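Novice: Sending over model25.cif (mmCIF, N, CA and C atoms).
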data_start
#
loop_
_atom_site.label_atom_id
_atom_site.label_comp_id
_atom_site.auth_asym_id
_atom_site.auth_seq_id
_atom_site.Cartn_x
_atom_site.Cartn_y
_atom_site.Cartn_z
N MET A 1 18.27 10.98 -12.33
CA MET A 1 18.16 9.79 -11.49
C MET A 1 19.14 9.85 -10.33
N GLU A 2 18.68 9.27 -9.22
CA GLU A 2 19.54 9.23 -8.04
C GLU A 2 20.21 7.87 -7.97
N ALA A 3 21.29 7.80 -7.28
CA ALA A 3 21.95 6.50 -7.08
C ALA A 3 21.99 6.21 -5.59
N ALA A 4 21.70 5.00 -5.25
CA ALA A 4 21.72 4.60 -3.85
C ALA A 4 23.16 4.37 -3.41
N ALA A 5 23.33 4.26 -2.11
CA ALA A 5 24.68 4.07 -1.56
C ALA A 5 25.32 2.78 -2.06
N LYS A 6 24.51 1.76 -2.30
CA LYS A 6 25.05 0.49 -2.76
C LYS A 6 25.27 0.45 -4.26
N GLY A 7 25.04 1.58 -4.94
CA GLY A 7 25.25 1.62 -6.37
C GLY A 7 24.02 1.22 -7.17
N LYS A 8 22.92 0.93 -6.51
CA LYS A 8 21.69 0.58 -7.21
C LYS A 8 21.01 1.85 -7.69
N ILE A 9 20.36 1.76 -8.83
CA ILE A 9 19.60 2.90 -9.33
C ILE A 9 18.24 2.88 -8.64
N ILE A 10 17.83 4.04 -8.16
CA ILE A 10 16.57 4.15 -7.45
C ILE A 10 15.46 4.42 -8.44
N HIS A 11 14.47 3.56 -8.48
CA HIS A 11 13.28 3.74 -9.33
C HIS A 11 12.17 4.23 -8.41
N ILE A 12 11.97 5.53 -8.39
CA ILE A 12 11.06 6.14 -7.41
C ILE A 12 9.62 5.67 -7.59
N GLY A 13 9.20 5.39 -8.83
CA GLY A 13 7.85 4.91 -9.07
C GLY A 13 7.57 3.59 -8.38
N ARG A 14 8.54 2.70 -8.42
CA ARG A 14 8.39 1.40 -7.74
C ARG A 14 8.30 1.58 -6.23
N LYS A 15 9.06 2.55 -5.72
CA LYS A 15 9.00 2.82 -4.28
C LYS A 15 7.62 3.34 -3.90
N ILE A 16 7.07 4.20 -4.72
CA ILE A 16 5.73 4.73 -4.47
C ILE A 16 4.72 3.58 -4.44
N GLU A 17 4.83 2.69 -5.41
CA GLU A 17 3.92 1.55 -5.48
C GLU A 17 4.04 0.66 -4.24
N ARG A 18 5.29 0.35 -3.82
CA ARG A 18 5.50 -0.52 -2.66
C ARG A 18 4.96 0.11 -1.38
N VAL A 19 5.25 1.40 -1.20
CA VAL A 19 4.76 2.08 0.00
C VAL A 19 3.24 2.12 -0.01
N ARG A 20 2.66 2.40 -1.18
CA ARG A 20 1.19 2.44 -1.30
C ARG A 20 0.60 1.10 -0.88
N LYS A 21 1.16 0.02 -1.40
CA LYS A 21 0.64 -1.31 -1.08
C LYS A 21 0.85 -1.65 0.39
N LEU A 22 2.01 -1.32 0.94
CA LEU A 22 2.27 -1.59 2.36
C LEU A 22 1.32 -0.80 3.26
N ARG A 23 0.93 0.37 2.83
CA ARG A 23 0.01 1.21 3.61
C ARG A 23 -1.45 0.81 3.38
N GLY A 24 -1.69 -0.14 2.47
CA GLY A 24 -3.04 -0.62 2.21
C GLY A 24 -3.87 0.35 1.39
N LEU A 25 -3.22 1.15 0.57
CA LEU A 25 -3.93 2.14 -0.24
C LEU A 25 -4.04 1.65 -1.68
N THR A 26 -5.07 2.11 -2.37
CA THR A 26 -5.25 1.77 -3.78
C THR A 26 -4.78 2.94 -4.64
N GLN A 27 -4.66 2.68 -5.93
CA GLN A 27 -4.31 3.76 -6.84
C GLN A 27 -5.40 4.83 -6.84
N GLU A 28 -6.64 4.41 -6.64
CA GLU A 28 -7.75 5.37 -6.56
C GLU A 28 -7.57 6.29 -5.35
N ASP A 29 -7.15 5.72 -4.21
CA ASP A 29 -6.92 6.52 -3.00
C ASP A 29 -5.86 7.59 -3.25
N ILE A 30 -4.77 7.17 -3.86
CA ILE A 30 -3.68 8.11 -4.14
C ILE A 30 -4.14 9.16 -5.14
N GLY A 31 -4.86 8.71 -6.16
CA GLY A 31 -5.37 9.63 -7.17
C GLY A 31 -6.29 10.68 -6.57
N ALA A 32 -7.16 10.24 -5.66
CA ALA A 32 -8.07 11.18 -5.01
C ALA A 32 -7.30 12.21 -4.19
N GLY A 33 -6.26 11.77 -3.51
CA GLY A 33 -5.45 12.67 -2.71
C GLY A 33 -4.65 13.67 -3.54
N LEU A 34 -4.29 13.25 -4.75
CA LEU A 34 -3.49 14.12 -5.63
C LEU A 34 -4.35 14.86 -6.65
N GLY A 35 -5.62 14.45 -6.75
CA GLY A 35 -6.49 15.07 -7.74
C GLY A 35 -6.21 14.60 -9.16
N ILE A 36 -5.79 13.33 -9.29
CA ILE A 36 -5.51 12.75 -10.60
C ILE A 36 -6.23 11.41 -10.73
N THR A 37 -6.23 10.85 -11.93
CA THR A 37 -6.91 9.58 -12.17
C THR A 37 -6.05 8.40 -11.74
N LYS A 38 -6.71 7.25 -11.66
CA LYS A 38 -6.02 6.01 -11.34
C LYS A 38 -4.95 5.72 -12.40
N GLN A 39 -5.26 6.02 -13.65
CA GLN A 39 -4.32 5.79 -14.74
C GLN A 39 -3.08 6.68 -14.58
N ALA A 40 -3.30 7.91 -14.12
CA ALA A 40 -2.16 8.82 -13.90
C ALA A 40 -1.28 8.32 -12.76
N VAL A 41 -1.91 7.72 -11.74
CA VAL A 41 -1.14 7.15 -10.63
C VAL A 41 -0.33 5.97 -11.14
N SER A 42 -0.94 5.15 -11.98
CA SER A 42 -0.23 4.01 -12.56
C SER A 42 0.99 4.50 -13.35
N LYS A 43 0.82 5.56 -14.12
CA LYS A 43 1.94 6.12 -14.90
C LYS A 43 3.02 6.67 -13.96
N LEU A 44 2.57 7.28 -12.87
CA LEU A 44 3.50 7.81 -11.87
C LEU A 44 4.34 6.68 -11.28
N GLU A 45 3.69 5.54 -11.00
CA GLU A 45 4.38 4.40 -10.41
C GLU A 45 5.35 3.73 -11.39
N GLN A 46 5.22 4.04 -12.67
CA GLN A 46 6.13 3.50 -13.68
C GLN A 46 7.29 4.45 -13.98
N SER A 47 7.26 5.64 -13.38
CA SER A 47 8.28 6.65 -13.64
C SER A 47 9.55 6.36 -12.85
N GLU A 48 10.69 6.47 -13.53
CA GLU A 48 11.98 6.29 -12.86
C GLU A 48 12.33 7.48 -12.00
N SER A 49 11.91 8.67 -12.44
CA SER A 49 12.18 9.87 -11.66
C SER A 49 10.96 10.79 -11.71
N ILE A 50 10.79 11.56 -10.65
CA ILE A 50 9.65 12.47 -10.52
C ILE A 50 10.18 13.76 -9.93
N GLU A 51 9.65 14.89 -10.41
CA GLU A 51 10.10 16.17 -9.90
C GLU A 51 9.81 16.28 -8.41
N GLU A 52 10.66 16.98 -7.72
CA GLU A 52 10.66 17.08 -6.25
C GLU A 52 9.31 17.55 -5.69
N GLU A 53 8.74 18.59 -6.30
CA GLU A 53 7.47 19.14 -5.81
C GLU A 53 6.36 18.10 -5.85
N ARG A 54 6.29 17.37 -6.95
CA ARG A 54 5.28 16.32 -7.12
C ARG A 54 5.52 15.19 -6.11
N LEU A 55 6.78 14.87 -5.91
CA LEU A 55 7.16 13.81 -4.98
C LEU A 55 6.77 14.15 -3.55
N GLU A 56 6.89 15.42 -3.18
CA GLU A 56 6.47 15.87 -1.84
C GLU A 56 4.97 15.64 -1.64
N LYS A 57 4.18 15.94 -2.67
CA LYS A 57 2.73 15.74 -2.59
C LYS A 57 2.39 14.25 -2.47
N VAL A 58 3.08 13.44 -3.25
CA VAL A 58 2.85 11.99 -3.21
C VAL A 58 3.19 11.45 -1.81
N ALA A 59 4.31 11.87 -1.27
CA ALA A 59 4.73 11.42 0.07
C ALA A 59 3.68 11.81 1.11
N ALA A 60 3.16 13.02 1.00
CA ALA A 60 2.13 13.48 1.95
C ALA A 60 0.88 12.61 1.86
N VAL A 61 0.46 12.28 0.65
CA VAL A 61 -0.74 11.43 0.47
C VAL A 61 -0.47 10.03 1.01
N LEU A 62 0.75 9.54 0.83
CA LEU A 62 1.11 8.21 1.34
C LEU A 62 1.27 8.20 2.86
N GLY A 63 1.39 9.38 3.44
CA GLY A 63 1.56 9.46 4.89
C GLY A 63 2.97 9.18 5.35
N VAL A 64 3.94 9.47 4.48
CA VAL A 64 5.35 9.28 4.82
C VAL A 64 6.10 10.58 4.52
N THR A 65 7.32 10.68 5.02
CA THR A 65 8.12 11.86 4.71
C THR A 65 8.74 11.71 3.33
N LEU A 66 9.13 12.82 2.76
CA LEU A 66 9.79 12.79 1.46
C LEU A 66 11.07 11.98 1.54
N GLU A 67 11.84 12.21 2.59
CA GLU A 67 13.10 11.48 2.76
C GLU A 67 12.84 9.99 2.97
N GLY A 68 11.79 9.67 3.72
CA GLY A 68 11.44 8.27 3.94
C GLY A 68 11.07 7.57 2.64
N LEU A 69 10.36 8.28 1.78
CA LEU A 69 9.98 7.72 0.49
C LEU A 69 11.21 7.52 -0.40
N LYS A 70 12.08 8.51 -0.41
CA LYS A 70 13.28 8.41 -1.23
C LYS A 70 14.19 7.27 -0.77
N ARG A 71 14.28 7.08 0.54
CA ARG A 71 15.19 6.06 1.08
C ARG A 71 14.54 4.69 1.28
N PHE A 72 13.27 4.57 0.91
CA PHE A 72 12.56 3.31 1.10
C PHE A 72 13.29 2.17 0.41
N ASP A 73 13.39 1.04 1.11
CA ASP A 73 14.06 -0.14 0.58
C ASP A 73 13.39 -1.37 1.19
N ASP A 74 12.91 -2.27 0.33
CA ASP A 74 12.25 -3.50 0.81
C ASP A 74 13.13 -4.28 1.78
N GLU A 75 14.42 -4.33 1.48
CA GLU A 75 15.36 -5.07 2.33
C GLU A 75 15.37 -4.51 3.75
N ASN A 76 15.40 -3.17 3.85
CA ASN A 76 15.41 -2.54 5.17
C ASN A 76 14.11 -2.81 5.92
N VAL A 77 12.99 -2.80 5.18
CA VAL A 77 11.70 -3.08 5.83
C VAL A 77 11.72 -4.48 6.42
N LEU A 78 12.21 -5.45 5.65
CA LEU A 78 12.28 -6.82 6.15
C LEU A 78 13.21 -6.94 7.34
N ASN A 79 14.36 -6.27 7.26
CA ASN A 79 15.31 -6.31 8.38
C ASN A 79 14.72 -5.68 9.63
N ASN A 80 14.08 -4.53 9.48
CA ASN A 80 13.48 -3.85 10.63
C ASN A 80 12.36 -4.69 11.23
N THR A 81 11.56 -5.32 10.37
CA THR A 81 10.47 -6.17 10.86
C THR A 81 11.02 -7.35 11.63
N GLN A 82 12.06 -7.98 11.08
CA GLN A 82 12.66 -9.14 11.74
C GLN A 82 13.29 -8.73 13.06
N ASN A 83 14.02 -7.61 13.06
CA ASN A 83 14.64 -7.13 14.30
C ASN A 83 13.60 -6.80 15.35
N PHE A 84 12.51 -6.20 14.94
CA PHE A 84 11.44 -5.86 15.87
C PHE A 84 10.86 -7.13 16.48
N HIS A 85 10.62 -8.12 15.62
CA HIS A 85 10.06 -9.39 16.09
C HIS A 85 11.03 -10.09 17.05
N ASP A 86 12.31 -10.12 16.68
CA ASP A 86 13.30 -10.80 17.50
C ASP A 86 13.48 -10.15 18.87
N SER A 87 13.38 -8.82 18.92
CA SER A 87 13.60 -8.12 20.18
C SER A 87 12.32 -7.92 20.98
N SER A 88 11.21 -8.36 20.45
CA SER A 88 9.93 -8.20 21.14
C SER A 88 9.87 -9.15 22.33
N SER A 89 9.46 -8.62 23.47
CA SER A 89 9.36 -9.46 24.66
C SER A 89 7.91 -9.81 24.97
N VAL A 90 7.02 -9.54 24.04
CA VAL A 90 5.61 -9.83 24.26
C VAL A 90 5.38 -11.32 24.06
N THR A 91 4.80 -11.95 25.06
CA THR A 91 4.48 -13.36 24.97
C THR A 91 3.00 -13.54 25.25
N ASN A 92 2.51 -14.73 25.00
CA ASN A 92 1.11 -15.01 25.25
C ASN A 92 0.76 -14.78 26.71
N SER A 93 1.65 -15.17 27.62
CA SER A 93 1.36 -15.00 29.04
C SER A 93 1.38 -13.53 29.45
N SER A 94 2.25 -12.72 28.82
CA SER A 94 2.28 -11.31 29.18
C SER A 94 1.07 -10.57 28.63
N ILE A 95 0.49 -11.09 27.55
CA ILE A 95 -0.72 -10.47 27.00
C ILE A 95 -1.92 -10.85 27.86
N ASN A 96 -2.01 -12.10 28.25
CA ASN A 96 -3.17 -12.58 29.00
C ASN A 96 -3.28 -11.96 30.39
N ASN A 97 -2.17 -11.73 31.04
CA ASN A 97 -2.15 -11.22 32.41
C ASN A 97 -3.03 -12.05 33.34
N GLY A 98 -2.98 -13.36 33.15
CA GLY A 98 -3.73 -14.25 34.02
C GLY A 98 -5.18 -14.49 33.62
N TYR A 99 -5.67 -13.81 32.60
CA TYR A 99 -7.06 -13.98 32.18
C TYR A 99 -7.14 -14.98 31.04
N GLU A 100 -8.15 -15.84 31.10
CA GLU A 100 -8.37 -16.80 30.03
C GLU A 100 -9.26 -16.16 28.97
N PHE A 101 -8.87 -16.26 27.74
CA PHE A 101 -9.73 -15.81 26.66
C PHE A 101 -9.32 -16.54 25.39
N THR A 102 -10.23 -16.56 24.44
CA THR A 102 -9.99 -17.24 23.19
C THR A 102 -10.07 -16.22 22.06
N ILE A 103 -9.07 -16.23 21.21
CA ILE A 103 -9.09 -15.36 20.05
C ILE A 103 -9.77 -16.12 18.92
N ILE A 104 -10.80 -15.50 18.38
CA ILE A 104 -11.52 -16.13 17.28
C ILE A 104 -11.09 -15.45 15.99
N ASN A 105 -10.50 -16.23 15.15
CA ASN A 105 -10.10 -15.73 13.85
C ASN A 105 -10.94 -16.46 12.83
N ASN A 106 -11.97 -15.79 12.35
CA ASN A 106 -12.91 -16.43 11.46
C ASN A 106 -12.61 -16.06 10.01
N PRO A 107 -11.97 -16.95 9.28
CA PRO A 107 -11.65 -16.65 7.89
C PRO A 107 -12.89 -16.58 7.00
N ILE A 108 -13.98 -17.18 7.42
CA ILE A 108 -15.21 -17.15 6.63
C ILE A 108 -15.68 -15.70 6.45
N GLU A 109 -15.58 -14.89 7.50
CA GLU A 109 -15.99 -13.49 7.39
C GLU A 109 -15.13 -12.77 6.37
N LYS A 110 -13.84 -13.04 6.37
CA LYS A 110 -12.94 -12.42 5.39
C LYS A 110 -13.29 -12.86 3.97
N ILE A 111 -13.62 -14.13 3.82
CA ILE A 111 -14.00 -14.65 2.51
C ILE A 111 -15.28 -13.97 2.02
N ILE A 112 -16.23 -13.81 2.93
CA ILE A 112 -17.48 -13.16 2.57
C ILE A 112 -17.23 -11.70 2.17
N GLU A 113 -16.39 -11.00 2.92
CA GLU A 113 -16.05 -9.61 2.58
C GLU A 113 -15.41 -9.54 1.19
N LEU A 114 -14.49 -10.44 0.93
CA LEU A 114 -13.82 -10.47 -0.36
C LEU A 114 -14.82 -10.76 -1.47
N TYR A 115 -15.67 -11.74 -1.26
CA TYR A 115 -16.68 -12.10 -2.26
C TYR A 115 -17.60 -10.93 -2.53
N GLU A 116 -18.05 -10.24 -1.48
CA GLU A 116 -18.94 -9.09 -1.66
C GLU A 116 -18.26 -7.97 -2.44
N SER A 117 -16.99 -7.73 -2.16
CA SER A 117 -16.29 -6.67 -2.89
C SER A 117 -16.09 -7.07 -4.36
N LEU A 118 -15.79 -8.35 -4.62
CA LEU A 118 -15.66 -8.81 -6.00
C LEU A 118 -17.00 -8.74 -6.72
N LEU A 119 -18.07 -9.09 -6.04
CA LEU A 119 -19.40 -9.03 -6.61
C LEU A 119 -19.77 -7.59 -6.97
N LYS A 120 -19.42 -6.66 -6.11
CA LYS A 120 -19.69 -5.24 -6.36
C LYS A 120 -18.96 -4.77 -7.61
N VAL A 121 -17.69 -5.15 -7.74
CA VAL A 121 -16.91 -4.76 -8.91
C VAL A 121 -17.51 -5.34 -10.18
N GLU A 122 -17.92 -6.60 -10.13
CA GLU A 122 -18.52 -7.24 -11.30
C GLU A 122 -19.84 -6.57 -11.68
N ARG A 123 -20.62 -6.16 -10.69
CA ARG A 123 -21.87 -5.44 -10.98
C ARG A 123 -21.59 -4.10 -11.63
N GLU A 124 -20.55 -3.42 -11.16
CA GLU A 124 -20.18 -2.14 -11.77
C GLU A 124 -19.75 -2.33 -13.22
N LYS A 125 -18.99 -3.39 -13.48
CA LYS A 125 -18.58 -3.68 -14.85
C LYS A 125 -19.80 -3.95 -15.73
N LEU A 126 -20.75 -4.70 -15.21
CA LEU A 126 -21.97 -5.03 -15.94
C LEU A 126 -22.75 -3.77 -16.25
N ASP A 127 -22.87 -2.87 -15.28
CA ASP A 127 -23.56 -1.60 -15.50
C ASP A 127 -22.89 -0.81 -16.62
N ILE A 128 -21.58 -0.77 -16.60
CA ILE A 128 -20.82 -0.03 -17.63
C ILE A 128 -21.08 -0.63 -19.00
N LEU A 129 -21.03 -1.96 -19.08
CA LEU A 129 -21.28 -2.63 -20.36
C LEU A 129 -22.72 -2.40 -20.85
N LEU A 130 -23.67 -2.45 -19.94
CA LEU A 130 -25.07 -2.21 -20.32
C LEU A 130 -25.27 -0.79 -20.80
N ASN A 131 -24.63 0.17 -20.12
CA ASN A 131 -24.74 1.56 -20.54
C ASN A 131 -24.09 1.79 -21.90
N LYS A 132 -22.98 1.11 -22.19
CA LYS A 132 -22.31 1.25 -23.48
C LYS A 132 -23.17 0.65 -24.59
N SER A 133 -23.83 -0.48 -24.30
CA SER A 133 -24.63 -1.14 -25.32
C SER A 133 -25.90 -0.33 -25.63
N LYS A 134 -26.39 0.46 -24.68
CA LYS A 134 -27.55 1.32 -24.90
C LYS A 134 -27.21 2.53 -25.74
N SER A 135 -25.93 2.94 -25.67
CA SER A 135 -25.50 4.15 -26.39
C SER A 135 -25.38 3.95 -27.87
#
Can you give me the file's structure in the form of structure tokens?
Specialist:
Amino acid sequence: MEAAAKGKIIHIGRKIERVRKLRGLTQEDIGAGLGITKQAVSKLEQSESIEEERLEKVAAVLGVTLEGLKRFDDENVLNNTQNFHDSSSVTNSSINNGYEFTIINNPIEKIIELYESLLKVEREKLDILLNKSKS
């Protein structure tokens, strides 16, 4: 196990999980990139330590550097995000450049997308159950 500068113990599996979620990836995505199952990815995310070679492959699939993965810290992400926001000089007027336009943010479309994806998952579960009952 590695120790962080602040004396905290680094749980590499949790870092993998956080980076995966921040990057919008699923365990299936990571598994496909590594050639392992979703369950194996879940086990990987529960591991306190992982061998260096495996960690390099995981970092590559996540789209980050090995060092970036090792040094990942939620606190730093929040600080960097806040600093970026505070120092940003982009304003509504600088974006518009004198042009009038309306941004339409339709949450109904997002709800429909979510519902359709949930419906798809439920249909897959039903198919699995029907196939098991036929066997």
Novice: If we count only C-alpha atoms, what is near Arg20 of chain A at a cut-off of 12 Å, once residues fewer than 2 positions away on the same chain are taken out, given as a list of chain:residue names?
Specialist: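 Contacts, with the query itself left out: A:Gly13, A:Arg14, A:Lys15, A:Ile16, A:Glu17, A:Arg18, A:Leu22, A:Arg23, A:Gly24, A:Leu25, A:Thr26, A:Gln27, A:Glu28, A:Asp29, A:Ile30, A:Gly31, A:Val41, A:Ser42, A:Glu45, A:Val58, A:Ala59, A:Ala60, A:Val61, A:Leu62, A:Gly63, A:Val64, A:Leu69, A:Phe72.
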Novice: Let me know the residues the PyMOL selection byres ((chain A and resi 47) around 6) catches in the file above, as a list of chain:residue names.
Specialist: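 Going through the file, the PyMOL selection byres ((chain A and resi 47) around 6) ends up selecting A:His11, A:Ile12, A:Gly13, A:Arg14, A:Lys43, A:Leu44, A:Glu45, A:Gln46, A:Glu48, A:Ser49, A:Ile50.
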Novice: Please compute the atom N of Glu52 of chain A-atom CA of Leu66 of chain A distance, one decimal, in Å.
Specialist: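 Those two atoms sit 10.1 Å apart.
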Novice: Quote the spacing between atom N of Arg54 of chain A and atom C of Leu34 of chain A in Å to one decimal place.
Specialist: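 Atom C of Leu34 of chain A lies at a distance of 10.9 Å from atom N of Arg54 of chain A.
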Novice: Just the number, please: distance in Å from atom C of Glu124 of chain A to atom N of Lys110 of chain A, one decimal.
Specialist: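 Going from atom C of Glu124 of chain A over to atom N of Lys110 of chain A covers 23.1 Å.
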Novice: Would you give the centre and edge lengths, in Å to one decimal, of a box along x, y and z around the listed atoms of segment 46-63 of chain A, with 6 Å added to each side, as AutoDock Vina command-line options?
Specialist:
--center_x 5.8 --center_y 11.3 --center_z -4.3 --size_x 25.1 --size_y 27.6 --size_z 31.3
Novice: Choose the residue, out of A:Gly33, A:Ile108, A:Leu129, A:Glu122, that has the smallest atom-to-atom separation from Lys57 of chain A; count all atoms listed in the file.
Specialist: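 Closest candidate: A:Gly33.
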